[in-house]
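As provided, query-v2.cif (mmCIF, C-alpha atoms and all ligand atoms) reads as follows.
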```cif
data_my_file
loop_
_atom_site.label_atom_id
_atom_site.label_comp_id
_atom_site.auth_asym_id
_atom_site.auth_seq_id
_atom_site.Cartn_x
_atom_site.Cartn_y
_atom_site.Cartn_z
CA MET A 57 -3.54 -28.25 -1.74
CA SER A 58 -5.18 -25.68 0.49
CA THR A 59 -8.32 -27.09 2.13
CA ALA A 60 -9.32 -23.72 3.54
CA LEU A 61 -9.25 -22.27 0.02
CA ALA A 62 -11.39 -25.16 -1.26
CA GLN A 63 -13.88 -24.59 1.56
CA VAL A 64 -14.18 -20.88 0.79
CA GLN A 65 -14.63 -21.67 -2.92
CA ALA A 66 -17.38 -24.16 -2.04
CA SER A 67 -19.13 -21.64 0.24
CA ILE A 68 -19.03 -19.05 -2.54
CA ALA A 69 -20.53 -21.55 -5.00
CA GLU A 70 -23.33 -22.40 -2.55
CA ALA A 71 -24.03 -18.73 -1.85
CA GLU A 72 -24.26 -18.07 -5.61
CA ILE A 73 -26.85 -20.84 -5.94
CA ARG A 74 -28.87 -19.62 -2.93
CA ALA A 75 -28.88 -16.11 -4.38
CA GLY A 76 -30.03 -17.44 -7.76
CA ARG A 77 -26.90 -16.10 -9.38
CA PRO A 78 -24.86 -17.76 -12.14
CA ALA A 79 -22.04 -20.07 -11.07
CA GLY A 80 -18.73 -18.22 -11.17
CA SER A 81 -20.32 -14.76 -11.03
CA VAL A 82 -18.39 -13.89 -7.85
CA THR A 83 -14.62 -13.36 -7.98
CA LEU A 84 -12.63 -14.48 -4.96
CA VAL A 85 -9.91 -11.98 -4.05
CA ALA A 86 -7.50 -13.76 -1.69
CA VAL A 87 -6.23 -11.14 0.78
CA SER A 88 -2.63 -12.10 1.41
CA LYS A 89 -1.55 -8.97 3.36
CA THR A 90 0.83 -9.63 6.26
CA GLN A 91 0.77 -13.40 5.62
CA PRO A 92 4.08 -15.25 5.61
CA TRP A 93 4.96 -16.74 2.22
CA GLY A 94 4.50 -20.24 3.63
CA ASN A 95 0.77 -19.51 3.96
CA VAL A 96 0.47 -17.91 0.53
CA ALA A 97 2.43 -20.40 -1.59
CA PRO A 98 -0.06 -23.32 -1.29
CA VAL A 99 -2.92 -21.03 -2.31
CA LEU A 100 -0.98 -19.84 -5.35
CA GLU A 101 -0.09 -23.44 -6.20
CA ALA A 102 -3.75 -24.43 -5.90
CA GLY A 103 -4.43 -22.09 -8.81
CA GLN A 104 -5.67 -18.91 -7.10
CA GLN A 105 -4.77 -15.99 -9.38
CA VAL A 106 -6.45 -12.95 -7.82
CA PHE A 107 -4.85 -11.47 -4.71
CA GLY A 108 -5.54 -8.38 -2.60
CA GLU A 109 -2.90 -6.39 -0.76
CA ASN A 110 -3.15 -3.41 1.58
CA ARG A 111 0.24 -1.82 1.05
CA VAL A 112 2.02 -0.90 -2.14
CA GLN A 113 5.51 -1.63 -0.84
CA GLU A 114 4.64 -4.96 0.76
CA ALA A 115 2.78 -6.08 -2.37
CA MET A 116 5.69 -5.19 -4.66
CA GLU A 117 8.22 -7.01 -2.51
CA ARG A 118 6.05 -10.10 -2.38
CA TRP A 119 4.77 -10.32 -5.94
CA ARG A 120 7.29 -8.51 -8.17
CA ASP A 121 9.18 -11.67 -9.18
CA ARG A 122 6.08 -13.82 -9.65
CA ARG A 123 3.73 -11.23 -11.14
CA GLU A 124 3.03 -13.12 -14.41
CA GLY A 125 -0.54 -14.37 -14.85
CA LEU A 126 -1.85 -12.83 -11.64
CA GLU A 127 -4.41 -10.13 -10.99
CA LEU A 128 -3.34 -7.92 -8.10
CA ARG A 129 -5.71 -5.56 -6.35
CA LEU A 130 -4.85 -2.74 -3.95
CA ILE A 131 -7.49 -2.77 -1.21
CA GLY A 132 -5.74 -0.53 1.35
CA PRO A 133 -5.54 3.28 1.52
CA LEU A 134 -3.41 4.91 -1.17
CA GLN A 135 -1.33 8.02 -0.54
CA THR A 136 -0.85 10.25 -3.55
CA ASN A 137 2.95 9.96 -3.28
CA LYS A 138 2.61 6.20 -3.88
CA ALA A 139 0.21 6.59 -6.81
CA ARG A 140 2.86 6.20 -9.51
CA GLU A 141 4.11 2.91 -8.09
CA ALA A 142 0.57 1.67 -7.49
CA VAL A 143 -0.52 2.50 -11.05
CA GLY A 144 2.54 0.75 -12.43
CA PHE A 145 2.09 -2.37 -10.35
CA PHE A 146 -1.59 -3.14 -9.72
CA ASP A 147 -4.35 -4.23 -12.08
CA VAL A 148 -7.11 -2.87 -9.86
CA ILE A 149 -7.20 -0.09 -7.25
CA GLU A 150 -10.24 -0.40 -4.98
CA THR A 151 -9.65 2.55 -2.68
CA LEU A 152 -10.25 5.70 -4.75
CA ASP A 153 -12.01 7.99 -2.28
CA ARG A 154 -11.08 11.63 -2.84
CA GLU A 155 -10.65 14.18 -5.61
CA LYS A 156 -6.95 14.74 -5.06
CA LEU A 157 -6.33 11.02 -5.54
CA ALA A 158 -8.60 10.95 -8.61
CA ARG A 159 -6.55 13.77 -10.16
CA VAL A 160 -3.19 12.14 -9.42
CA LEU A 161 -4.38 8.71 -10.63
CA ALA A 162 -5.71 10.23 -13.85
CA ASP A 163 -2.30 11.84 -14.49
CA GLU A 164 -0.37 8.68 -13.66
CA ILE A 165 -2.62 6.44 -15.75
CA GLN A 166 -2.14 8.72 -18.73
CA ARG A 167 1.59 8.92 -18.15
CA ALA A 168 1.89 5.13 -17.91
CA GLY A 169 -0.38 4.59 -20.91
CA LYS A 170 -2.04 1.80 -19.01
CA THR A 171 -5.59 0.65 -18.37
CA LEU A 172 -6.29 0.42 -14.69
CA ARG A 173 -9.54 -0.83 -13.19
CA LEU A 174 -10.84 1.48 -10.48
CA TYR A 175 -13.27 1.10 -7.59
CA VAL A 176 -14.56 3.93 -5.45
CA GLN A 177 -14.45 3.14 -1.74
CA VAL A 178 -17.56 4.29 0.10
CA ASN A 179 -17.52 4.78 3.88
CA ILE A 180 -20.88 3.07 4.03
CA GLY A 181 -21.27 3.15 7.83
CA GLU A 182 -20.06 6.79 8.02
CA GLU A 183 -17.38 5.87 10.55
CA ALA A 184 -14.97 8.64 11.52
CA GLN A 185 -11.91 6.36 11.51
CA LYS A 186 -12.61 4.72 8.15
CA ALA A 187 -11.50 5.70 4.67
CA GLY A 188 -13.99 6.15 1.87
CA ILE A 189 -16.21 8.81 0.40
CA ALA A 190 -19.33 9.60 2.47
CA PRO A 191 -22.48 7.96 1.03
CA ALA A 192 -24.12 11.37 0.57
CA GLU A 193 -21.16 12.54 -1.53
CA ALA A 194 -20.77 9.38 -3.57
CA ASP A 195 -22.95 10.38 -6.54
CA ALA A 196 -21.13 13.68 -7.04
CA PHE A 197 -17.73 12.06 -6.58
CA ILE A 198 -18.43 9.29 -9.12
CA ALA A 199 -19.66 11.94 -11.58
CA ALA A 200 -16.51 14.02 -11.01
CA CYS A 201 -14.33 10.95 -11.62
CA HIS A 202 -15.95 10.58 -15.06
CA GLU A 203 -16.47 14.15 -16.08
CA THR A 204 -13.57 16.02 -14.51
CA TYR A 205 -10.87 13.35 -14.50
CA GLY A 206 -11.94 11.07 -17.36
CA LEU A 207 -11.78 7.97 -15.16
CA THR A 208 -13.97 4.92 -15.72
CA ILE A 209 -15.27 3.54 -12.43
CA GLU A 210 -15.67 -0.22 -12.63
CA GLY A 211 -17.13 -0.73 -9.18
CA LEU A 212 -17.72 0.33 -5.60
CA MET A 213 -16.06 -1.10 -2.52
CA CYS A 214 -17.05 -0.93 1.15
CA ILE A 215 -16.14 -2.25 4.60
CA PRO A 216 -19.23 -2.09 6.86
CA PRO A 217 -18.92 -1.40 10.62
CA PHE A 218 -17.69 -4.60 12.22
CA ASP A 219 -20.27 -4.53 15.01
CA GLN A 220 -23.41 -4.13 12.88
CA ASP A 221 -25.52 -6.32 10.61
CA PRO A 222 -23.70 -5.88 7.29
CA ALA A 223 -26.69 -6.70 5.05
CA PRO A 224 -28.27 -3.19 5.04
CA HIS A 225 -24.84 -1.66 4.36
CA PHE A 226 -24.26 -4.00 1.42
CA ALA A 227 -27.74 -3.16 0.10
CA ALA A 228 -26.96 0.55 0.45
CA LEU A 229 -23.75 0.16 -1.57
CA ARG A 230 -25.67 -1.75 -4.25
CA ALA A 231 -28.20 1.10 -4.45
CA ILE A 232 -25.47 3.71 -4.90
CA ALA A 233 -23.92 1.61 -7.68
CA ALA A 234 -27.26 1.07 -9.42
CA ARG A 235 -28.22 4.73 -9.53
CA ASN A 236 -24.77 5.70 -10.85
CA GLY A 237 -24.55 3.01 -13.50
CA VAL A 238 -21.61 1.32 -11.78
CA GLU A 239 -21.42 -2.40 -12.47
CA LYS A 240 -19.31 -4.15 -9.85
CA LEU A 241 -19.48 -4.47 -6.08
CA SER A 242 -16.46 -5.42 -3.95
CA MET A 243 -17.97 -6.34 -0.60
CA GLY A 244 -17.75 -9.14 1.94
CA MET A 245 -14.80 -10.47 3.94
CA SER A 246 -14.15 -13.71 5.87
CA ASP A 247 -17.04 -13.24 8.30
CA ASP A 248 -19.71 -11.98 5.95
CA PHE A 249 -18.92 -12.89 2.33
CA GLU A 250 -21.99 -15.15 2.02
CA ILE A 251 -24.25 -12.28 3.11
CA ALA A 252 -22.47 -9.99 0.65
CA ILE A 253 -23.10 -12.46 -2.19
CA ALA A 254 -26.80 -12.55 -1.28
CA GLU A 255 -26.73 -8.73 -1.55
CA GLY A 256 -25.07 -8.70 -4.96
CA ALA A 257 -21.29 -8.75 -4.40
CA THR A 258 -19.39 -9.42 -7.62
CA SER A 259 -16.12 -9.89 -5.73
CA VAL A 260 -15.38 -10.83 -2.13
CA ARG A 261 -12.13 -10.06 -0.29
CA VAL A 262 -11.26 -13.01 1.94
CA GLY A 263 -8.11 -13.21 4.04
CA SER A 264 -8.14 -15.07 7.35
CA ALA A 265 -10.68 -17.73 6.26
CA ILE A 266 -8.16 -18.80 3.58
CA PHE A 267 -4.78 -18.11 5.18
CA GLY A 268 -5.46 -18.25 8.91
CA ALA A 269 -5.40 -15.38 11.39
CA ARG A 270 -2.94 -12.60 10.56
CA ASP A 271 0.01 -12.02 12.83
CA TYR A 272 0.28 -8.24 12.94
CA GLN A 273 3.19 -8.49 15.33
CA ALA A 274 5.25 -10.06 12.57
CA THR A 275 5.08 -7.08 10.22
C1 LIG B 301 -7.80 -7.34 5.60
C2 LIG B 301 -8.87 -6.97 4.68
C3 LIG B 301 -9.76 -7.94 4.17
C4 LIG B 301 -9.74 -9.39 4.57
O1 LIG B 301 -10.20 -9.53 5.88
P1 LIG B 301 -10.52 -10.98 6.51
O2 LIG B 301 -11.46 -10.68 7.61
O3 LIG B 301 -9.22 -11.54 6.96
O4 LIG B 301 -11.15 -11.80 5.44
C5 LIG B 301 -10.70 -7.51 3.24
N1 LIG B 301 -10.77 -6.23 2.84
C6 LIG B 301 -9.96 -5.27 3.30
C7 LIG B 301 -10.09 -3.88 2.82
C8 LIG B 301 -8.98 -5.62 4.24
O5 LIG B 301 -8.17 -4.65 4.72
#
```
Structure encoded using structure tokens:
Amino acid sequence: MSTALAQVQASIAEAEIRAGRPAGSVTLVAVSKTQPWGNVAPVLEAGQQVFGENRVQEAMERWRDRREGLELRLIGPLQTNKAREAVGFFDVIETLDREKLARVLADEIQRAGKTLRLYVQVNIGEEAQKAGIAPAEADAFIAACHETYGLTIEGLMCIPPFDQDPAPHFAALRAIAARNGVEKLSMGMSDDFEIAIAEGATSVRVGSAIFGARDYQAT
């Protein structure tokens, strides 16, 4: 059993109640990137079925032989030359953030004859170093995804600036989703997932609170 997983599940359940939201309305995405298999195995054995990964190659190596029954989400930046592999392997891509990628994904989805669930990443804090479409361009980009590329956008995803109160950023993402008729919100990580749930997150991406601190040196 993984006690850290159980604690995160309990915190999510409490946050749902506090927010007056139905039990089970928030999906926990366990972010297993860079974690050694010894940390991931107990969480898988405890019944967790939704995992987030940052890199296509790393995710494929880790999950290829135990893919059955899982939902895998790409939550890291996607280069167009990896789009074919990503479309073939993942159930959800959360980092669609530019027209060139929309075009390539549309082609690859058609070629693969597969349904893929897509989230548009919004650079909600307008940080120069961060991926994501600028908030001011989000409406036009979401419209182009539908109208130009025939893509259905399931949700929006954001990573607020780490040194600011995340609540207004989460609220801003929710507002963009609402005015564009987008249903789901991927927001909240280990340090702020309860705040994100209060602001309407439908999925939270939690890594270190479940698996322990990542050892970047090891990868
Ligand atoms: C690493 C990562 C997470 C998980 O971060 P923690 O703080 O360990 O919970 C969530 N989302 C994205 C996009 C990430 O890259």
- Query: To one decimal place, how far is atom CA of Ala86 of chain A from atom CA of Gln104 of chain A in Å?
  - Reply: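 So the answer is 7.7 Å.
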Each residue of chain A lying at most 9 Å from ligand LIG 301 (chain B) should get a row with its shortest atom-to-atom pair and the distance in Å to one decimal, counting only C-alpha atoms and all ligand atoms; could you produce that, ordered by chain and increasing number, as a tab-separated table?
```
residue	atom	partner	partner_atom	distance
A:Val85	CA	B:LIG301	C5	8.6
A:Ala86	CA	B:LIG301	C4	8.0
A:Val87	CA	B:LIG301	C4	5.5
A:Ser88	CA	B:LIG301	C1	8.2
A:Lys89	CA	B:LIG301	C1	6.8
A:Thr90	CA	B:LIG301	C1	9.0
A:Gly108	CA	B:LIG301	C5	7.8
A:Glu109	CA	B:LIG301	O5	7.8
A:Asn110	CA	B:LIG301	O5	6.0
A:Leu130	CA	B:LIG301	C7	8.6
A:Ile131	CA	B:LIG301	C7	4.9
A:Gly132	CA	B:LIG301	C7	5.7
A:Pro133	CA	B:LIG301	C7	8.6
A:Glu150	CA	B:LIG301	C7	8.5
A:Thr151	CA	B:LIG301	C7	8.5
A:Met213	CA	B:LIG301	C7	8.5
A:Cys214	CA	B:LIG301	C7	7.7
A:Ile215	CA	B:LIG301	C7	6.5
A:Ser242	CA	B:LIG301	N1	8.9
A:Met243	CA	B:LIG301	N1	8.0
A:Gly244	CA	B:LIG301	C5	7.4
A:Met245	CA	B:LIG301	O4	4.2
A:Ser246	CA	B:LIG301	O4	3.6
A:Asp247	CA	B:LIG301	O2	6.2
A:Asp248	CA	B:LIG301	O2	8.5
A:Phe249	CA	B:LIG301	O4	8.4
A:Val260	CA	B:LIG301	C5	7.9
A:Arg261	CA	B:LIG301	C5	4.6
A:Val262	CA	B:LIG301	O4	3.7
A:Gly263	CA	B:LIG301	O3	3.5
A:Ser264	CA	B:LIG301	O3	3.7
A:Ala265	CA	B:LIG301	O4	6.0
A:Ile266	CA	B:LIG301	O4	7.8
A:Phe267	CA	B:LIG301	O3	8.1
A:Gly268	CA	B:LIG301	O3	7.9
A:Ala269	CA	B:LIG301	O3	7.0
A:Arg270	CA	B:LIG301	O3	7.3
```
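Checking A:Ala66, A:Ile180, A:Ala223, A:Val238 one by one against Val82 of chain A, counting only C-alpha atoms, you find the shortest gap at A:Ala66.
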- Message: Which residue is closest to Gln135 of chain A? Choose from A:Ala231, A:Ala187, A:Ala79, A:Ala115 and count only C-alpha atoms.
- Response: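 Going through A:Ala231, A:Ala187, A:Ala79, A:Ala115 one by one, the smallest distance to Gln135 of chain A is for A:Ala187.
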- List the neighbours of Val99 of chain A out to 9 Å using all atoms listed in the file; skip same-chain residues closer than 2 positions along the sequence, and give me the result as JSON, numbers by chain. {"A": [57, 58, 61, 86, 95, 96, 97, 101, 102, 103, 104, 105, 266, 267]}
- Could you please determine the separation between atom CA of Asp219 of chain A and atom CA of Glu182 of chain A in Å, to one decimal place? 13.3 Å
- Query: Hey, can you check how far atom CA of Tyr175 of chain A sits from atom CA of Pro191 of chain A?
  - Reply: 14.4 Å
- Task: For each of A:Glu193, A:Glu255, A:Glu141, A:Glu183, take the minimum atom-to-atom distance to Arg167 of chain A, counting only C-alpha atoms, then give the residue where this is smallest.
- Result: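 Looking at the shortest contact to Arg167 of chain A, the residue is A:Glu141.
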Excluding Glu164 of chain A and its own-chain neighbours fewer than 4 positions away, which residues fall within 7 Å of it when counting only C-alpha atoms? Please give them as a PDB file with C-alpha atoms, in the coordinates of the input.
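around30.pdb was written with the following content:
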```pdb
ATOM      1  CA  ARG A 140       2.860   6.200  -9.510  1.00  0.00           C
ATOM      2  CA  VAL A 143      -0.520   2.500 -11.050  1.00  0.00           C
ATOM      3  CA  VAL A 160      -3.190  12.140  -9.420  1.00  0.00           C
ATOM      4  CA  ALA A 168       1.890   5.130 -17.910  1.00  0.00           C
TER       5      ALA A 168
END
```
- Task: Rank A:Gln177, A:Gln65, A:Thr258, A:Asn236 by their smallest atom-to-atom distance to His202 of chain A, using all atoms listed in the file, and report the top residue only.
- Result: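 Among A:Gln177, A:Gln65, A:Thr258, A:Asn236, it is A:Asn236 that comes nearest to His202 of chain A.
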